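Here the structure comes first, spelled out in structure tokens, and everything after it is commentary.
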Amino acid sequence: MNIPETKHPRIVVIGGGFAGIALLKQLKKVPAQIVLFDRHNYHTFQPLLYQVSTAGLEPDSIAYPLRKIFRNLEDFHFRLAEVVQIHPQQKEVETSIGSLAYDYLVIATGTRTNFFGNKNIETHSMPMKTVPQALNIRSLMLQNIEAADITDDPEARKRYLNFVIAGAGPTGVELAGALAEFRKGILENDYPELAEEDMGVHLLEGFDRVLPPMSEKSSKKAQRFLEKLGVEVHLNTMVEDFDGTTVTTKDGKTFKTATFIWAAGVTGAPIAGIDGEALIQKTNRYKVDRFNRVAGFEGIYALGDVALMETEDFPKGHPQVAQPAIQQGKHLGKNLKRMFEQKELKPFSYYDKGTMATIGRNKAVVDLKKWHFAGAFAWFLWMFVHLWFLAGFRNRVVTFFNWTYNYINYDRAARLIIRPFKKSL
């Protein structure tokens with residue numbers, strides 16, 4: 001791997017997501033060698049993936065080079081690789097480019113899409129967890145609209161223009177709203193042969209309301225926003241199967257579609273080598289204590305979505321969203337500093353800053369501890385928060401410019417089929 005020998009302890013971090021970045025930013029001037037492994041050479045701002053998939057932003061607006069983030073970190077080494085197994089007894093990680101010994105290991109691998117064991121859905125649907133997957137959705141969406149524009153078969157046209165999304169959490173709701181706005185602002189201008197009402201957007205949710213993690217007030221408001229945009233919301237609707245052309249639900253509904261997007265769940269992304277009581281099989285998350293130490297393993301920590309920390313307020317672990325990951329990363333970084341300085345470690349305590357989701361132009365919902373509000377102010381607050389947490393000044397400027405342009409012109413300038421998508425079966 002061309003990583004130099006060191007007289008200092010070696011901290012190996014797996015994953016350059018929110019948790020990994022927050023941790024590493026705390027390790028300046030720590031007497032340790034730091035090695036970061038990730039399958040990509042960039043950090044992805046996942047909350048805005050849906051805007052890439054619906055042609056609102058280009059991928060370089062929400063991705064940032066990992067090496068650039070940590071260029072000022074001393075004795076830091078990034079390696080583009082996938083960690084395939086951990087060997088705790090040897091204190092070694094096995095990767096796609098070789099093996100490396102560690103003194104301290106931090107697992108921050110996040111989540112992967114959960115298909116709940118349904119192989120047909122896994123094979124034929126479109127997940128949206130990474131930049132390449134978001135670009136696949138963008139290409140498929142635009143290709144299907146182009147196909148609808150040239151076909152003289154009304155059934156085929158309907159299937160090409162029918163967009164079905166499973167899961168009405170923040171990702172599904174934001175994606176449905178963005179597709180509905182695409183229909184309103186783009187379809188009639190770019191495709192005069194197609195009518196706006198020809199394009200359907202269906203949002204399927206197994207619970208009795210959209211945005212189940214948020215307050216009931218915000219859920220109702222979000223559903224009204226979606227329906228005002230023309231999204232057809234189907235509650236208490238569990239998807240049973242998808243064969244590539246037809247979505248089937250458990251209550252007998254069917255939806256003919258060429259674009260079925262799966263946003264119905266995630267599961268932890270553990271690494272082989274740490275199992276037993278430390279791995280909660282149901283959620284694929286590592287059981288950690290209040291110091292993020294993996295149960296039963298010395299010198300191994302887990303952060304964010306892949307960590308399950310049971311507390312009085314969160315008996316099933318913290319929600320798998322950005323804020324717990326960021327806060328755990330910062331806290332572990334400070335604790336590692338304390339450990340090197342032989343000071344007492346402090347237990348982690350999560351501060352819930354609230355949740356928010358956007359549905360479209362001037363339409364968003366925000367839940368704070370004592371406040372729940374919706375509409376234009378919530379939308380501007382959502383924009384400010386997301387701009388603030390984007391990595392890199394350039395990304396903030398470009399994203400702000402794109403949002404301003406889209407707001408004024410009702411346009412989505414990134415609707416380019418750069419690499420045509422073809423599903424490999």
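Just so we're on the same page: first chain in the structure tokens is A, next is B, and so on; residues restart at 1 for each chain, and ligands are numbered from 1 in the order they show up.
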Using only C-alpha atoms, what table do you get, as a Markdown table, when you list each residue of segment 26-106 of chain A with an atom no more than 12 Å from segment 403-423 of chain A, its nearest pair of atoms, and their distance in Å rounded to one decimal, rows by chain then rising number?
```
| residue | atom | partner | partner_atom | distance |
| --- | --- | --- | --- | --- |
| A:Leu48 | CA | A:Trp403 | CA | 11.9 |
| A:Gln51 | CA | A:Arg412 | CA | 9.5 |
| A:Val52 | CA | A:Ala414 | CA | 8.0 |
| A:Ser53 | CA | A:Arg415 | CA | 9.3 |
| A:Thr54 | CA | A:Arg415 | CA | 7.8 |
| A:Ala55 | CA | A:Ala414 | CA | 4.6 |
| A:Gly56 | CA | A:Arg412 | CA | 5.0 |
| A:Leu57 | CA | A:Ala414 | CA | 6.0 |
| A:Glu58 | CA | A:Ala414 | CA | 6.1 |
| A:Pro59 | CA | A:Ala414 | CA | 9.5 |
| A:Asp60 | CA | A:Ala414 | CA | 11.5 |
| A:Ser61 | CA | A:Ala414 | CA | 11.2 |
```
Query raised in the report: What residues in segment 220-397 of chain A get the DSSP label helix (DSSP H, G or I)? Please answer as a ChimeraX atom specification.
Result: /A:220-228,276-278,304-306,322-340,376-389,393-397
Kindly provide the residues of segment 2-61 of chain A that approach segment 298-322 of chain A to within 10 Å, each paired with its closest atom pair and their distance in Å to one decimal, based on only C-alpha atoms, listed by chain and increasing number, as a Markdown table.
```
| residue | atom | partner | partner_atom | distance |
| --- | --- | --- | --- | --- |
| A:Ile11 | CA | A:Gly299 | CA | 9.6 |
| A:Val12 | CA | A:Ile300 | CA | 9.7 |
| A:Val13 | CA | A:Tyr301 | CA | 9.4 |
| A:Ile14 | CA | A:Ala302 | CA | 9.5 |
| A:Gly15 | CA | A:Leu303 | CA | 9.9 |
| A:Gly17 | CA | A:Ala322 | CA | 9.1 |
| A:Phe18 | CA | A:Ala322 | CA | 6.4 |
| A:Ala19 | CA | A:Gly304 | CA | 5.8 |
| A:Gly20 | CA | A:Leu303 | CA | 7.8 |
| A:Leu23 | CA | A:Leu303 | CA | 9.1 |
| A:Phe45 | CA | A:Ala322 | CA | 9.5 |
| A:Gln46 | CA | A:Ala322 | CA | 8.9 |
| A:Pro47 | CA | A:Ala322 | CA | 8.5 |
```
Query raised in the report: Could you state the separation of atom CA of Lys184 of chain A and atom CA of Ala147 of chain A in Å, given to one decimal place?
Result: 18.9 Å
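Between atom CA of Phe37 of chain A and atom CA of His77 of chain A lies a distance of 8.8 Å.
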Query raised in the report: Which residues, written as an NGL selection string, have at least one atom at most 10 Å from Glu196 of chain A, with only C-alpha atoms counted and residues fewer than 2 positions away on the same chain left out?
Result: :A and (161 or 180 or 182-189 or 191-194 or 198-200)
Those same residues, written as a PDB file, in the first residue's frame with C-alpha atoms?
```pdb
ATOM      1  CA  LEU A 161     -43.990   8.059 -18.218  1.00  0.00           C
ATOM      2  CA  ALA A 180     -43.528  16.312 -10.039  1.00  0.00           C
ATOM      3  CA  PHE A 182     -39.807  18.254 -13.413  1.00  0.00           C
ATOM      4  CA  ARG A 183     -43.128  17.353 -15.016  1.00  0.00           C
ATOM      5  CA  LYS A 184     -44.509  20.831 -14.403  1.00  0.00           C
ATOM      6  CA  GLY A 185     -41.469  22.848 -15.496  1.00  0.00           C
ATOM      7  CA  ILE A 186     -39.804  20.750 -18.192  1.00  0.00           C
ATOM      8  CA  LEU A 187     -42.165  18.324 -19.881  1.00  0.00           C
ATOM      9  CA  GLU A 188     -44.447  20.771 -21.687  1.00  0.00           C
ATOM     10  CA  ASN A 189     -41.542  22.990 -22.804  1.00  0.00           C
ATOM     11  CA  TYR A 191     -41.591  17.733 -25.174  1.00  0.00           C
ATOM     12  CA  PRO A 192     -44.520  19.504 -26.870  1.00  0.00           C
ATOM     13  CA  GLU A 193     -45.880  16.167 -28.115  1.00  0.00           C
ATOM     14  CA  LEU A 194     -46.367  14.989 -24.534  1.00  0.00           C
ATOM     15  CA  ASP A 198     -49.329  11.904 -19.342  1.00  0.00           C
ATOM     16  CA  MET A 199     -46.588  11.672 -16.703  1.00  0.00           C
ATOM     17  CA  GLY A 200     -47.584   9.988 -13.461  1.00  0.00           C
TER      18      GLY A 200
END
```
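Relative to atom CA of Ala269 of chain A, atom CA of Ala108 of chain A is found at 8.9 Å.
Minimum atom-to-atom distance to Pro212 of chain A, evaluated using only C-alpha atoms, belongs to A:Ala168 out of A:Thr151, A:Ala168, A:Ile34, A:Ala22.
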Query raised in the report: Excluding same-chain residues fewer than 3 positions from Phe115 of chain A, what lies within 10 Å of it counting only C-alpha atoms, as a ChimeraX atom specification?
Result: /A:112,118-123,125,127,262-267
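Closest approach to Val201 of chain A among A:Ala148, A:Leu235, A:Leu226, A:Ala156 is made by A:Leu226 (distances from only C-alpha atoms).
Residues surrounding Ser99 of chain A within 10 Å are Met1, Val83, Val84, Gln85, Ile86, His87, Glu92, Val93, Glu94, Thr95, Ser96, Ile97, Ala101 and Tyr102 of chain A [only C-alpha atoms; sequence separation below 2 positions excluded].
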Export all heavy atoms of the chosen residues as a short mmCIF file (atom, residue, chain, number, x, y, z; two decimals), in the first residue's frame?
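As a result, result-v5.cif now contains:
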```
data_model
loop_
_atom_site.label_atom_id
_atom_site.label_comp_id
_atom_site.auth_asym_id
_atom_site.auth_seq_id
_atom_site.Cartn_x
_atom_site.Cartn_y
_atom_site.Cartn_z
N MET A 1 0.82 -1.22 0.00
CA MET A 1 0.00 0.00 0.00
C MET A 1 0.85 1.26 0.00
O MET A 1 0.32 2.35 -0.05
CB MET A 1 -0.92 0.02 1.22
CG MET A 1 -1.98 -1.06 1.22
SD MET A 1 -3.10 -0.79 2.60
CE MET A 1 -3.98 -2.33 2.56
N VAL A 83 -12.54 -2.56 2.04
CA VAL A 83 -12.14 -3.45 3.13
C VAL A 83 -13.07 -4.66 3.10
O VAL A 83 -14.29 -4.52 3.23
CB VAL A 83 -12.20 -2.73 4.49
CG1 VAL A 83 -11.84 -3.70 5.61
CG2 VAL A 83 -11.25 -1.54 4.50
N VAL A 84 -12.50 -5.85 2.92
CA VAL A 84 -13.31 -7.06 2.75
C VAL A 84 -13.42 -7.88 4.02
O VAL A 84 -14.36 -8.64 4.19
CB VAL A 84 -12.78 -7.93 1.59
CG1 VAL A 84 -12.92 -7.20 0.27
CG2 VAL A 84 -11.31 -8.31 1.81
N GLN A 85 -12.45 -7.73 4.93
CA GLN A 85 -12.51 -8.50 6.18
C GLN A 85 -11.63 -7.86 7.24
O GLN A 85 -10.61 -7.24 6.94
CB GLN A 85 -12.08 -9.95 5.96
CG GLN A 85 -12.30 -10.82 7.19
CD GLN A 85 -12.48 -12.28 6.85
OE1 GLN A 85 -12.40 -12.67 5.69
NE2 GLN A 85 -12.73 -13.10 7.86
N ILE A 86 -12.08 -8.03 8.48
CA ILE A 86 -11.31 -7.57 9.64
C ILE A 86 -10.83 -8.80 10.39
O ILE A 86 -11.58 -9.75 10.60
CB ILE A 86 -12.17 -6.68 10.55
CG1 ILE A 86 -12.63 -5.43 9.80
CG2 ILE A 86 -11.40 -6.28 11.80
CD1 ILE A 86 -13.73 -4.66 10.51
N HIS A 87 -9.56 -8.79 10.79
CA HIS A 87 -8.99 -9.87 11.58
C HIS A 87 -8.63 -9.32 12.96
O HIS A 87 -7.50 -8.85 13.19
CB HIS A 87 -7.75 -10.45 10.89
CG HIS A 87 -8.01 -10.97 9.50
ND1 HIS A 87 -8.67 -12.16 9.27
CD2 HIS A 87 -7.74 -10.44 8.29
CE1 HIS A 87 -8.76 -12.36 7.95
NE2 HIS A 87 -8.21 -11.33 7.34
N GLU A 92 -5.67 -6.52 12.18
CA GLU A 92 -5.33 -6.31 10.77
C GLU A 92 -6.60 -6.21 9.95
O GLU A 92 -7.58 -6.89 10.23
CB GLU A 92 -4.46 -7.47 10.29
CG GLU A 92 -3.88 -7.31 8.90
CD GLU A 92 -2.96 -8.48 8.54
OE1 GLU A 92 -3.49 -9.52 8.09
OE2 GLU A 92 -1.74 -8.35 8.73
N VAL A 93 -6.58 -5.34 8.92
CA VAL A 93 -7.70 -5.28 7.97
C VAL A 93 -7.22 -5.81 6.63
O VAL A 93 -6.10 -5.52 6.19
CB VAL A 93 -8.26 -3.84 7.81
CG1 VAL A 93 -8.92 -3.38 9.10
CG2 VAL A 93 -7.19 -2.87 7.39
N GLU A 94 -8.09 -6.58 5.99
CA GLU A 94 -7.79 -7.13 4.67
C GLU A 94 -8.59 -6.34 3.64
O GLU A 94 -9.81 -6.22 3.76
CB GLU A 94 -8.18 -8.60 4.62
CG GLU A 94 -7.92 -9.29 3.30
CD GLU A 94 -8.43 -10.72 3.30
OE1 GLU A 94 -8.63 -11.30 4.38
OE2 GLU A 94 -8.65 -11.25 2.19
N THR A 95 -7.92 -5.78 2.66
CA THR A 95 -8.58 -4.93 1.67
C THR A 95 -8.36 -5.47 0.26
O THR A 95 -7.61 -6.43 0.05
CB THR A 95 -8.06 -3.48 1.74
OG1 THR A 95 -6.82 -3.40 1.03
CG2 THR A 95 -7.86 -3.02 3.17
N SER A 96 -8.99 -4.81 -0.70
CA SER A 96 -8.85 -5.21 -2.10
C SER A 96 -7.46 -4.92 -2.65
O SER A 96 -7.12 -5.37 -3.76
CB SER A 96 -9.91 -4.50 -2.95
OG SER A 96 -9.82 -3.08 -2.77
N ILE A 97 -6.63 -4.17 -1.90
CA ILE A 97 -5.27 -3.87 -2.38
C ILE A 97 -4.20 -4.39 -1.42
O ILE A 97 -3.03 -4.06 -1.56
CB ILE A 97 -5.08 -2.35 -2.59
CG1 ILE A 97 -5.32 -1.58 -1.28
CG2 ILE A 97 -5.99 -1.83 -3.69
CD1 ILE A 97 -4.95 -0.11 -1.35
N ALA A 101 -1.95 -3.55 9.20
CA ALA A 101 -2.12 -3.66 10.65
C ALA A 101 -2.64 -2.34 11.22
O ALA A 101 -2.39 -1.27 10.66
CB ALA A 101 -0.80 -4.04 11.30
N TYR A 102 -3.35 -2.42 12.33
CA TYR A 102 -3.86 -1.22 12.98
C TYR A 102 -3.65 -1.34 14.49
O TYR A 102 -3.51 -2.44 15.04
CB TYR A 102 -5.35 -1.02 12.68
CG TYR A 102 -6.26 -2.12 13.23
CD1 TYR A 102 -6.70 -2.08 14.55
CD2 TYR A 102 -6.67 -3.18 12.43
CE1 TYR A 102 -7.51 -3.08 15.06
CE2 TYR A 102 -7.49 -4.18 12.93
CZ TYR A 102 -7.90 -4.12 14.25
OH TYR A 102 -8.71 -5.13 14.76
#
```
Requested in this report: Identify which of the residues A:Thr249, A:Asn335, A:Gln90, A:Ser215 lies closest to Thr355 of chain A, counting only C-alpha atoms when measuring atom-to-atom distances.
Outcome: A:Ser215
Query - Test item, strand (DSSP E or B) assignment across segment 26-271 of chain A, answer as an NGL selection string - result: :A and (33-38 or 42-44 or 63-65 or 76-80 or 83-87 or 92-95 or 98-101 or 104-107 or 111-113 or 126 or 162-166 or 200-204 or 232-234 or 239-242 or 246-249 or 254-256 or 259-262 or 266-268)
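Shortest separation to Gly16 of chain A among A:Glu277, A:Asp289, A:Asp38, A:Asp243 occurs at residue A:Asp38, atoms counted being only C-alpha atoms.
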